[in-house]
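Quick look at my_file-v5.txt (compact mmCIF, C-alpha atoms and all ligand atoms):
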```
# COMPACT_ATOMS: atom_id res chain seq x y z
CA PHE R 7 18.58 11.26 4.22
CA GLU R 8 20.25 10.78 0.85
CA TRP R 9 17.53 9.21 -1.29
CA GLN R 10 18.68 7.95 -4.70
CA THR R 11 16.35 8.27 -7.67
CA ILE R 12 15.29 4.85 -8.99
CA LYS R 13 13.50 6.19 -12.04
CA GLU R 14 12.35 9.60 -13.24
CA TYR R 15 8.61 10.11 -13.63
CA GLU R 16 6.37 13.08 -14.37
CA ASP R 17 3.82 12.80 -11.54
CA ILE R 18 5.76 10.94 -8.85
CA ARG R 19 9.24 10.70 -7.40
CA PHE R 20 10.56 7.16 -6.98
CA GLU R 21 13.54 6.87 -4.67
CA PHE R 22 15.60 4.38 -2.71
CA LEU R 23 17.46 4.37 0.60
CA GLU R 24 18.99 1.28 2.24
CA GLY R 25 16.25 -1.20 1.34
CA ILE R 26 13.42 1.35 1.49
CA ALA R 27 11.64 2.44 -1.70
CA LYS R 28 9.76 5.73 -1.45
CA ILE R 29 6.98 6.76 -3.81
CA THR R 30 6.07 10.46 -3.53
CA ILE R 31 3.04 11.87 -5.32
CA ASN R 32 4.47 15.05 -6.79
CA ARG R 33 1.54 17.26 -7.76
CA PRO R 34 1.49 19.75 -4.87
CA GLU R 35 -0.38 22.35 -6.96
CA VAL R 36 -3.50 20.17 -6.70
CA ARG R 37 -2.79 18.89 -3.16
CA ASN R 38 -1.26 15.74 -4.73
CA ALA R 39 -4.49 14.69 -6.44
CA PHE R 40 -3.99 11.78 -8.83
CA ARG R 41 -4.86 11.55 -12.52
CA PRO R 42 -4.71 8.26 -14.46
CA GLN R 43 -1.05 8.86 -15.34
CA THR R 44 -0.14 9.37 -11.66
CA VAL R 45 -1.75 6.06 -10.83
CA ASN R 46 -0.02 4.29 -13.74
CA GLU R 47 3.33 5.58 -12.57
CA MET R 48 2.63 4.47 -8.99
CA SER R 49 1.55 1.03 -10.24
CA GLU R 50 4.75 0.64 -12.24
CA ALA R 51 6.79 1.67 -9.19
CA MET R 52 4.88 -0.85 -7.04
CA ASP R 53 5.69 -3.59 -9.59
CA TYR R 54 9.36 -2.63 -9.39
CA CYS R 55 9.19 -2.85 -5.58
CA ARG R 56 7.65 -6.30 -5.83
CA GLU R 57 10.29 -7.63 -8.23
CA ASP R 58 13.44 -6.02 -6.79
CA PRO R 59 14.99 -8.18 -4.04
CA ASP R 60 16.81 -5.10 -2.68
CA VAL R 61 13.50 -3.51 -1.70
CA TYR R 62 12.30 -4.61 1.75
CA VAL R 63 9.73 -1.94 2.58
CA VAL R 64 7.77 0.64 0.56
CA VAL R 65 6.86 4.13 1.75
CA LEU R 66 4.05 6.09 0.12
CA THR R 67 3.84 9.85 0.68
CA GLY R 68 3.02 13.21 -0.88
CA GLU R 69 5.22 16.14 -1.84
CA GLY R 70 5.32 19.15 0.49
CA ASP R 71 3.79 19.77 3.90
CA LYS R 72 0.17 20.31 2.87
CA ALA R 73 -1.09 17.06 1.40
CA PHE R 74 -0.50 13.33 1.29
CA CYS R 75 -3.12 12.98 -1.45
CA SER R 76 -6.45 14.70 -2.14
CA GLY R 77 -7.86 11.84 -4.23
CA GLY R 78 -8.88 11.90 -7.86
CA ASP R 79 -8.02 15.06 -9.82
CA GLN R 80 -11.38 16.75 -10.21
CA ASN R 81 -10.12 18.66 -13.27
CA VAL R 82 -10.03 15.45 -15.31
CA LYS R 83 -13.08 13.71 -13.84
CA GLY R 84 -15.22 12.81 -16.82
CA ILE R 85 -18.19 10.56 -17.29
CA GLY R 86 -17.27 7.07 -16.13
CA GLY R 87 -13.94 7.93 -14.55
CA TYR R 88 -10.85 10.10 -14.64
CA VAL R 89 -9.73 10.88 -18.18
CA GLY R 90 -6.09 10.54 -19.21
CA LYS R 91 -4.16 11.51 -22.34
CA ASP R 92 -5.75 8.61 -24.24
CA GLY R 93 -9.19 10.09 -23.63
CA VAL R 94 -10.40 6.98 -21.82
CA PRO R 95 -12.15 7.42 -18.44
CA ARG R 96 -10.65 5.14 -15.78
CA LEU R 97 -10.91 4.25 -12.10
CA ASN R 98 -7.43 2.70 -12.21
CA VAL R 99 -6.66 3.61 -8.59
CA LEU R 100 -8.73 0.54 -7.66
CA ASP R 101 -6.05 -1.65 -9.27
CA LEU R 102 -3.36 0.23 -7.37
CA GLN R 103 -5.21 -0.45 -4.10
CA LYS R 104 -5.14 -4.18 -4.84
CA LYS R 105 -1.46 -3.97 -5.76
CA ILE R 106 -0.61 -2.38 -2.40
CA ARG R 107 -2.48 -5.09 -0.51
CA SER R 108 -0.95 -7.90 -2.59
CA LEU R 109 2.63 -6.65 -2.39
CA PRO R 110 4.42 -9.25 -0.24
CA LYS R 111 6.35 -6.52 1.60
CA PRO R 112 5.17 -3.90 4.11
CA VAL R 113 3.80 -0.67 2.64
CA VAL R 114 3.85 2.35 4.96
CA ALA R 115 1.72 5.47 4.38
CA MET R 116 3.73 8.48 5.53
CA VAL R 117 0.89 11.00 5.81
CA ASN R 118 2.28 14.53 5.70
CA GLY R 119 -0.95 16.55 5.29
CA PHE R 120 -4.42 16.04 3.84
CA ALA R 121 -5.38 12.41 3.20
CA ILE R 122 -8.75 13.07 1.60
CA GLY R 123 -11.16 11.14 -0.65
CA GLY R 124 -9.33 8.60 -2.80
CA GLY R 125 -6.16 9.79 -1.03
CA HIS R 126 -7.64 8.70 2.28
CA VAL R 127 -8.37 5.28 0.80
CA LEU R 128 -4.72 4.97 -0.24
CA HIS R 129 -3.56 5.32 3.37
CA VAL R 130 -6.31 2.92 4.46
CA VAL R 131 -4.97 0.16 2.18
CA CYS R 132 -1.37 0.61 3.30
CA ASP R 133 -0.16 -1.76 6.04
CA LEU R 134 0.85 0.99 8.45
CA THR R 135 0.14 4.72 8.69
CA ILE R 136 2.52 7.19 10.29
CA ALA R 137 1.17 10.73 10.31
CA SER R 138 2.49 14.18 11.08
CA GLU R 139 0.60 16.30 13.64
CA ASN R 140 -0.75 18.55 10.87
CA ALA R 141 -2.23 15.63 8.90
CA ILE R 142 -5.96 15.71 8.24
CA PHE R 143 -8.08 12.72 7.33
CA GLY R 144 -11.48 12.41 5.71
CA GLN R 145 -13.72 11.20 2.93
CA THR R 146 -15.55 13.57 0.58
CA GLY R 147 -17.28 11.24 -1.89
CA PRO R 148 -20.90 11.96 -0.98
CA LYS R 149 -20.07 15.71 -1.05
CA VAL R 150 -18.43 15.72 -4.49
CA GLY R 151 -20.34 12.98 -6.30
CA SER R 152 -18.37 9.83 -5.64
CA PHE R 153 -17.97 6.90 -3.26
CA ASP R 154 -15.62 4.00 -2.66
CA ALA R 155 -17.71 1.17 -1.30
CA GLY R 156 -14.78 -1.25 -1.63
CA PHE R 157 -11.65 -1.22 0.52
CA GLY R 158 -12.32 2.47 1.22
CA SER R 159 -15.38 1.45 3.24
CA SER R 160 -15.21 -2.18 4.29
CA TYR R 161 -11.50 -2.28 5.05
CA LEU R 162 -11.80 1.11 6.77
CA ALA R 163 -14.50 -0.38 8.98
CA ARG R 164 -12.07 -3.11 10.02
CA HIS R 165 -9.80 -0.35 11.35
CA VAL R 166 -12.29 2.01 12.98
CA GLY R 167 -15.44 -0.09 13.39
CA GLN R 168 -18.78 0.14 11.58
CA LYS R 169 -20.18 3.18 13.40
CA LYS R 170 -17.12 5.34 12.79
CA ALA R 171 -16.78 4.17 9.17
CA ARG R 172 -20.39 5.20 8.55
CA GLU R 173 -19.81 8.54 10.30
CA ILE R 174 -16.69 9.22 8.19
CA TRP R 175 -18.57 8.52 4.95
CA PHE R 176 -22.03 9.90 5.78
CA LEU R 177 -20.86 13.23 7.26
CA CYS R 178 -17.67 13.84 5.22
CA GLN R 179 -16.01 15.72 8.08
CA GLN R 180 -12.28 16.19 8.57
CA TYR R 181 -10.38 14.54 11.43
CA SER R 182 -7.09 15.50 13.03
CA ALA R 183 -4.16 13.10 13.15
CA LYS R 184 -4.83 12.59 16.88
CA GLU R 185 -8.49 11.74 16.22
CA ALA R 186 -7.45 9.34 13.44
CA GLU R 187 -4.99 7.69 15.82
CA ASP R 188 -7.64 7.37 18.53
CA MET R 189 -9.98 5.76 15.97
CA GLY R 190 -7.35 3.13 15.16
CA MET R 191 -6.56 4.08 11.58
CA VAL R 192 -3.19 5.66 12.31
CA ASN R 193 -0.29 3.85 14.01
CA LYS R 194 1.69 6.85 15.20
CA VAL R 195 1.57 10.65 15.15
CA VAL R 196 4.76 12.72 15.25
CA PRO R 197 5.73 16.35 14.62
CA LEU R 198 6.13 17.05 10.89
CA ASP R 199 9.90 17.53 11.19
CA GLN R 200 10.20 14.02 12.63
CA LEU R 201 7.90 12.29 10.13
CA GLU R 202 10.49 10.93 7.73
CA GLU R 203 12.96 10.10 10.49
CA THR R 204 10.31 8.09 12.37
CA THR R 205 9.14 6.36 9.19
CA VAL R 206 12.69 5.35 8.26
CA GLU R 207 13.24 4.15 11.84
CA TRP R 208 10.12 1.94 11.67
CA CYS R 209 11.22 0.62 8.25
CA ARG R 210 14.68 -0.19 9.60
CA ILE R 211 13.13 -2.17 12.46
CA MET R 212 10.94 -4.12 10.03
CA MET R 213 14.01 -4.77 7.86
CA GLN R 214 15.62 -6.57 10.81
CA ARG R 215 12.66 -8.97 10.96
CA SER R 216 12.32 -12.08 8.78
CA PRO R 217 10.96 -10.97 5.37
CA MET R 218 9.22 -14.33 4.90
CA ALA R 219 7.54 -14.04 8.30
CA LEU R 220 6.29 -10.51 7.51
CA ARG R 221 5.09 -11.73 4.12
CA MET R 222 3.11 -14.59 5.64
CA ILE R 223 1.60 -12.34 8.32
CA LYS R 224 0.48 -9.80 5.70
CA MET R 225 -1.05 -12.53 3.53
CA GLY R 226 -2.75 -14.14 6.52
CA LEU R 227 -4.25 -10.86 7.70
CA ASN R 228 -5.45 -10.18 4.15
CA ALA R 229 -6.81 -13.71 3.67
CA GLU R 230 -9.15 -13.37 6.62
CA LEU R 231 -10.82 -10.43 4.90
CA ASP R 232 -10.44 -11.18 1.21
CA GLY R 233 -12.35 -14.44 0.84
CA GLN R 234 -11.25 -16.84 -1.87
CA ALA R 235 -8.93 -14.26 -3.48
CA GLY R 236 -7.17 -13.82 -0.14
CA ILE R 237 -6.87 -17.56 0.41
CA GLN R 238 -5.47 -17.89 -3.13
CA GLU R 239 -2.63 -15.51 -2.24
CA LEU R 240 -1.94 -17.10 1.14
CA ALA R 241 -2.01 -20.54 -0.52
CA GLY R 242 0.45 -19.37 -3.18
CA ASN R 243 2.87 -18.44 -0.42
CA ALA R 244 2.37 -21.84 1.20
CA THR R 245 3.29 -23.43 -2.14
CA LEU R 246 6.36 -21.22 -2.33
CA LEU R 247 7.48 -22.53 1.08
CA TYR R 248 6.59 -26.14 0.17
CA TYR R 249 8.89 -25.93 -2.86
CA PHE R 250 11.78 -25.38 -0.43
CA THR R 251 11.24 -28.83 1.09
CA GLU R 252 12.98 -32.05 0.04
CA GLU R 253 9.56 -33.67 -0.03
CA ALA R 254 8.43 -31.39 -2.87
CA GLN R 255 11.75 -31.80 -4.66
CA GLU R 256 11.41 -35.60 -4.47
CA GLY R 257 8.19 -35.34 -6.49
CA LYS R 258 9.83 -33.32 -9.24
CA ASN R 259 13.04 -35.43 -9.24
CA ALA R 260 11.10 -38.70 -9.46
CA PHE R 261 9.15 -37.37 -12.43
CA LEU R 262 12.28 -36.27 -14.25
CA GLU R 263 14.10 -39.55 -13.41
CA LYS R 264 11.05 -41.55 -14.56
CA ARG R 265 10.73 -43.46 -11.26
CA ALA R 266 8.08 -43.71 -8.56
CA PRO R 267 8.43 -40.98 -5.88
CA ASP R 268 9.38 -42.09 -2.38
CA PHE R 269 7.49 -39.75 -0.07
CA LYS R 270 7.61 -42.23 2.85
CA LYS R 271 11.05 -41.12 3.99
CA PHE R 272 9.86 -37.65 4.96
CA PRO R 273 8.66 -36.85 8.49
CA LYS R 274 4.98 -36.42 9.18
CA PHE R 275 4.65 -33.89 11.98
CA PRO R 276 1.81 -34.32 14.49
O1 LIG H 1 -14.06 8.55 -4.74
C1 LIG H 1 -13.09 8.21 -5.60
C2 LIG H 1 -13.14 6.96 -6.23
C3 LIG H 1 -14.15 6.04 -5.96
C4 LIG H 1 -14.18 4.81 -6.60
C5 LIG H 1 -13.18 4.50 -7.53
C6 LIG H 1 -12.16 5.39 -7.77
C7 LIG H 1 -12.13 6.62 -7.13
C8 LIG H 1 -11.11 7.54 -7.37
C9 LIG H 1 -11.08 8.74 -6.72
C10 LIG H 1 -12.09 9.10 -5.85
C11 LIG H 1 -12.00 10.41 -5.19
O2 LIG H 1 -10.92 10.80 -4.82
S1 LIG H 1 -13.42 11.38 -4.93
C12 LIG H 1 -12.81 12.66 -3.91
C13 LIG H 1 -12.03 13.72 -4.68
N1 LIG H 1 -11.33 14.62 -3.82
C14 LIG H 1 -11.90 15.60 -3.09
O3 LIG H 1 -13.09 15.77 -3.07
C15 LIG H 1 -10.96 16.52 -2.32
C16 LIG H 1 -11.02 17.91 -2.93
N2 LIG H 1 -10.12 18.79 -2.23
C17 LIG H 1 -10.39 19.33 -1.01
O4 LIG H 1 -11.36 18.99 -0.37
C18 LIG H 1 -9.44 20.36 -0.52
O5 LIG H 1 -8.72 20.89 -1.64
C19 LIG H 1 -8.44 19.81 0.52
C20 LIG H 1 -9.18 19.49 1.81
C21 LIG H 1 -7.69 18.58 0.03
C22 LIG H 1 -7.37 20.91 0.78
O6 LIG H 1 -8.00 22.11 1.16
P1 LIG H 1 -7.16 23.47 1.17
O7 LIG H 1 -5.89 23.28 1.90
O8 LIG H 1 -8.11 24.54 1.64
O9 LIG H 1 -6.74 23.76 -0.35
P2 LIG H 1 -7.63 24.18 -1.59
O10 LIG H 1 -7.58 25.67 -1.75
O11 LIG H 1 -8.98 23.57 -1.54
O12 LIG H 1 -6.82 23.48 -2.77
C23 LIG H 1 -5.60 24.00 -3.27
C24 LIG H 1 -5.57 23.79 -4.77
O13 LIG H 1 -5.58 22.40 -5.04
C25 LIG H 1 -6.82 24.35 -5.43
O14 LIG H 1 -6.47 24.79 -6.70
P3 LIG H 1 -6.28 26.36 -7.05
O15 LIG H 1 -7.54 27.03 -6.57
O16 LIG H 1 -5.08 26.78 -6.23
O17 LIG H 1 -6.05 26.40 -8.49
C26 LIG H 1 -7.70 23.15 -5.56
O18 LIG H 1 -8.64 23.25 -6.59
C27 LIG H 1 -6.68 22.07 -5.87
N3 LIG H 1 -7.18 20.74 -5.49
C28 LIG H 1 -7.29 20.22 -4.26
N4 LIG H 1 -7.79 18.97 -4.31
C29 LIG H 1 -7.99 18.71 -5.61
C30 LIG H 1 -7.61 19.84 -6.37
N5 LIG H 1 -7.70 19.88 -7.69
C31 LIG H 1 -8.18 18.78 -8.30
N6 LIG H 1 -8.57 17.67 -7.65
C32 LIG H 1 -8.50 17.59 -6.32
N7 LIG H 1 -8.86 16.47 -5.69
```
The structure in this file should be written as structure tokens.
Ligand code: 1HA
Amino acid sequence: FEWQTIKEYEDIRFEFLEGIAKITINRPEVRNAFRPQTVNEMSEAMDYCREDPDVYVVVLTGEGDKAFCSGGDQNVKGIGGYVGKDGVPRLNVLDLQKKIRSLPKPVVAMVNGFAIGGGHVLHVVCDLTIASENAIFGQTGPKVGSFDAGFGSSYLARHVGQKKAREIWFLCQQYSAKEAEDMGMVNKVVPLDQLEETTVEWCRIMMQRSPMALRMIKMGLNAELDGQAGIQELAGNATLLYYFTEEAQEGKNAFLEKRAPDFKKFPKFP
């Protein structure tokens, strides 16, 4: 595939192909662990994907054939978070997780190796996960002095069930791609040399579907789990659709024309 660079970054590659935006964590020397800067760059790329009407689907992956992402960079873990160039400790990956879930377009994790710790959580929050046969999944928090009791636990449990989610976190073992698929947290497993091809194929299929329909499905599935914040997002999309109707336009037009609105002429469906 001939991916075109969208923007140059230090810690990630950000590329485009026929409606698909690909974000690749590019720190293979640390198994694609993220530092605050990595997360900032990914967040900026996610914002671009949200705003750009040419982007239909987003793919998240890691450089090389060893790791998708090994979580927070332990070299810069300070007291209170991961420390960036500004010297401030942050847990900014939590904001990135929310961004992935809020993005009104499908986000696909293309897991090419280890998805461990905070890197495992990143695949968990993506809409779909396609993994290569060599991929390995697991949490390490309780082994290395951390935990993600947010999406990394509760959303994970929605995929694999409570017992398995507790096993994954309490034991901190590693699971093969096949085991992850059997548990329900991976959609498809393919040989490594077919990973990108399969991912692009899935993206192309989704790009033939109605973007608004996919958007509403994603928001509806989120809303069920996200309480009032989820309903807020789903409701915002309902408002968006309502603004397309003549009924909504009548309200605005009447205001601007300084007359009473006539809503009676619009159909009331049973
Ligand atoms: O829990 C959270 C959070 C919770 C709430 C809010 C925010 C959070 C943000 C982040 C996190 C976390 O991510 S905590 C979990 C942190 N990650 C880990 O505990 C994984 C550590 N890495 C490993 O277990 C293994 O490296 C591996 C299973 C991914 C790969 O093993 P492998 O293939 O045997 O390679 P290994 O030799 O261990 O690693 C290769 C190189 O990459 C090593 O460096 P070198 O000796 O060559 O200089 C290794 O140190 C480095 N490396 C790997 N992972 C990390 C790393 N360096 C820094 N940070 C890493 N995460």
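Counting only C-alpha atoms, the residue from R:Asn259, R:Asn243, R:Ser49, R:Gln200 that sits nearest to R:Lys104 is R:Ser49.
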Each residue of stretch 70-159 of chain R lying at most 9 Å from stretch 208-231 of chain R should get a row with its shortest atom-to-atom pair and the distance in Å to one decimal, counting all atoms listed in the file; could you produce that, ordered by chain and increasing number, as a Markdown table?
```
| residue | atom | partner | partner_atom | distance |
| --- | --- | --- | --- | --- |
| R:Arg107 | CA | R:Asn228 | CA | 7.5 |
| R:Ser108 | CA | R:Met225 | CA | 7.7 |
| R:Leu109 | CA | R:Arg221 | CA | 8.6 |
| R:Pro110 | CA | R:Arg221 | CA | 5.1 |
| R:Lys111 | CA | R:Arg221 | CA | 5.9 |
| R:Pro112 | CA | R:Leu220 | CA | 7.5 |
| R:Val114 | CA | R:Cys209 | CA | 8.3 |
| R:Asp133 | CA | R:Lys224 | CA | 8.1 |
```
Counting only C-alpha atoms and all ligand atoms, what are the residues of chain R within 7 Å of ligand LIG 1 (chain H), and for each of them which pair of atoms is the nearest and at what distance in Å, to one decimal? Sort the table by chain and rising number, as a Markdown table.
```
| residue | atom | partner | partner_atom | distance |
| --- | --- | --- | --- | --- |
| R:Glu35 | CA | H:LIG1 | O13 | 5.5 |
| R:Val36 | CA | H:LIG1 | O13 | 3.5 |
| R:Arg37 | CA | H:LIG1 | C28 | 4.8 |
| R:Ala39 | CA | H:LIG1 | N7 | 4.8 |
| R:Lys72 | CA | H:LIG1 | O7 | 6.8 |
| R:Ala73 | CA | H:LIG1 | C21 | 6.9 |
| R:Ser76 | CA | H:LIG1 | C21 | 4.6 |
| R:Gly77 | CA | H:LIG1 | O2 | 3.3 |
| R:Gly78 | CA | H:LIG1 | O2 | 3.8 |
| R:Asp79 | CA | H:LIG1 | N6 | 3.4 |
| R:Gln80 | CA | H:LIG1 | N6 | 3.9 |
| R:Asn81 | CA | H:LIG1 | C31 | 5.3 |
| R:Leu97 | CA | H:LIG1 | C6 | 4.6 |
| R:Val99 | CA | H:LIG1 | C6 | 5.8 |
| R:Leu100 | CA | H:LIG1 | C6 | 5.9 |
| R:Phe120 | CA | H:LIG1 | C21 | 5.6 |
| R:Ile122 | CA | H:LIG1 | C15 | 5.7 |
| R:Gly123 | CA | H:LIG1 | C12 | 4.0 |
| R:Gly124 | CA | H:LIG1 | O2 | 3.4 |
| R:Gly125 | CA | H:LIG1 | O2 | 6.2 |
| R:Thr146 | CA | H:LIG1 | O3 | 4.9 |
| R:Gly147 | CA | H:LIG1 | S1 | 4.9 |
| R:Val150 | CA | H:LIG1 | O3 | 5.5 |
| R:Ser152 | CA | H:LIG1 | O1 | 4.6 |
| R:Phe153 | CA | H:LIG1 | O1 | 4.5 |
| R:Asp154 | CA | H:LIG1 | C3 | 4.1 |
```
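Comparing R:Glu173, R:Glu8, R:Glu69, R:Glu21 by their smallest distance to R:Cys55, the closest is R:Glu21 (using all atoms listed in the file).
The interatomic distance for the pair atom CA of R:Ile31 and atom CA of R:Asp71 works out to 12.2 Å.
If you look at atom CA of R:Pro197 and atom CA of R:Asn140, they are 7.8 Å away from each other.
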Check your understanding: Near R:Phe7, within 12 Å and counting only C-alpha atoms, which residues show up once chain neighbours fewer than 5 positions away are dropped, as a PyMOL selection string?
Key -> chain R and resi 21-24+26+28+202-203+205-207
As a JSON list (two decimals), in the coordinates of the input, could you write out stretch 180-189 of chain R once it has been completed with all heavy atoms?
```json
[["chain", "number", "residue", "atom", "x", "y", "z"],
["R", 180, "GLN", "N", -13.74, 16.39, 8.52],
["R", 180, "GLN", "CA", -12.28, 16.19, 8.57],
["R", 180, "GLN", "C", -11.85, 15.86, 9.99],
["R", 180, "GLN", "O", -12.41, 16.38, 10.96],
["R", 180, "GLN", "CB", -11.56, 17.44, 8.07],
["R", 180, "GLN", "CG", -11.83, 17.70, 6.58],
["R", 180, "GLN", "CD", -11.08, 18.90, 6.04],
["R", 180, "GLN", "OE1", -10.52, 19.70, 6.79],
["R", 180, "GLN", "NE2", -11.07, 19.05, 4.72],
["R", 181, "TYR", "N", -10.85, 15.00, 10.12],
["R", 181, "TYR", "CA", -10.38, 14.54, 11.43],
["R", 181, "TYR", "C", -8.89, 14.82, 11.57],
["R", 181, "TYR", "O", -8.12, 14.65, 10.61],
["R", 181, "TYR", "CB", -10.64, 13.03, 11.57],
["R", 181, "TYR", "CG", -12.10, 12.67, 11.45],
["R", 181, "TYR", "CD1", -12.66, 12.38, 10.21],
["R", 181, "TYR", "CD2", -12.94, 12.67, 12.57],
["R", 181, "TYR", "CE1", -14.01, 12.08, 10.08],
["R", 181, "TYR", "CE2", -14.29, 12.37, 12.45],
["R", 181, "TYR", "CZ", -14.82, 12.08, 11.19],
["R", 181, "TYR", "OH", -16.15, 11.79, 11.07],
["R", 182, "SER", "N", -8.50, 15.23, 12.76],
["R", 182, "SER", "CA", -7.09, 15.50, 13.03],
["R", 182, "SER", "C", -6.32, 14.17, 13.10],
["R", 182, "SER", "O", -6.92, 13.10, 13.25],
["R", 182, "SER", "CB", -6.94, 16.25, 14.35],
["R", 182, "SER", "OG", -7.28, 15.37, 15.42],
["R", 183, "ALA", "N", -5.00, 14.29, 13.04],
["R", 183, "ALA", "CA", -4.16, 13.10, 13.15],
["R", 183, "ALA", "C", -4.42, 12.38, 14.48],
["R", 183, "ALA", "O", -4.48, 11.15, 14.53],
["R", 183, "ALA", "CB", -2.69, 13.50, 13.04],
["R", 184, "LYS", "N", -4.58, 13.17, 15.56],
["R", 184, "LYS", "CA", -4.83, 12.59, 16.88],
["R", 184, "LYS", "C", -6.15, 11.82, 16.89],
["R", 184, "LYS", "O", -6.23, 10.70, 17.40],
["R", 184, "LYS", "CB", -4.84, 13.74, 17.91],
["R", 184, "LYS", "CG", -5.20, 13.36, 19.33],
["R", 184, "LYS", "CD", -4.02, 12.66, 20.02],
["R", 184, "LYS", "CE", -4.28, 12.40, 21.50],
["R", 184, "LYS", "NZ", -5.39, 11.47, 21.77],
["R", 185, "GLU", "N", -7.19, 12.43, 16.29],
["R", 185, "GLU", "CA", -8.49, 11.74, 16.22],
["R", 185, "GLU", "C", -8.38, 10.46, 15.40],
["R", 185, "GLU", "O", -8.95, 9.42, 15.77],
["R", 185, "GLU", "CB", -9.55, 12.66, 15.59],
["R", 185, "GLU", "CG", -10.00, 13.80, 16.50],
["R", 185, "GLU", "CD", -10.88, 14.82, 15.79],
["R", 185, "GLU", "OE1", -10.54, 15.24, 14.66],
["R", 185, "GLU", "OE2", -11.91, 15.22, 16.37],
["R", 186, "ALA", "N", -7.62, 10.53, 14.29],
["R", 186, "ALA", "CA", -7.45, 9.34, 13.44],
["R", 186, "ALA", "C", -6.71, 8.25, 14.21],
["R", 186, "ALA", "O", -7.02, 7.07, 14.08],
["R", 186, "ALA", "CB", -6.70, 9.72, 12.16],
["R", 187, "GLU", "N", -5.74, 8.66, 15.01],
["R", 187, "GLU", "CA", -4.99, 7.69, 15.82],
["R", 187, "GLU", "C", -5.91, 7.05, 16.86],
["R", 187, "GLU", "O", -5.93, 5.84, 17.04],
["R", 187, "GLU", "CB", -3.81, 8.39, 16.51],
["R", 187, "GLU", "CG", -2.90, 7.44, 17.27],
["R", 187, "GLU", "CD", -1.80, 8.18, 18.03],
["R", 187, "GLU", "OE1", -2.03, 9.34, 18.45],
["R", 187, "GLU", "OE2", -0.71, 7.61, 18.19],
["R", 188, "ASP", "N", -6.71, 7.89, 17.52],
["R", 188, "ASP", "CA", -7.64, 7.37, 18.53],
["R", 188, "ASP", "C", -8.65, 6.40, 17.93],
["R", 188, "ASP", "O", -9.10, 5.46, 18.58],
["R", 188, "ASP", "CB", -8.38, 8.53, 19.23],
["R", 188, "ASP", "CG", -7.45, 9.34, 20.12],
["R", 188, "ASP", "OD1", -6.34, 8.86, 20.41],
["R", 188, "ASP", "OD2", -7.82, 10.47, 20.49],
["R", 189, "MET", "N", -9.01, 6.64, 16.66],
["R", 189, "MET", "CA", -9.98, 5.76, 15.97],
["R", 189, "MET", "C", -9.35, 4.44, 15.56],
["R", 189, "MET", "O", -10.05, 3.52, 15.16],
["R", 189, "MET", "CB", -10.49, 6.46, 14.71],
["R", 189, "MET", "CG", -11.71, 7.31, 14.91],
["R", 189, "MET", "SD", -12.29, 7.77, 13.26],
["R", 189, "MET", "CE", -11.83, 9.48, 13.23]]
```
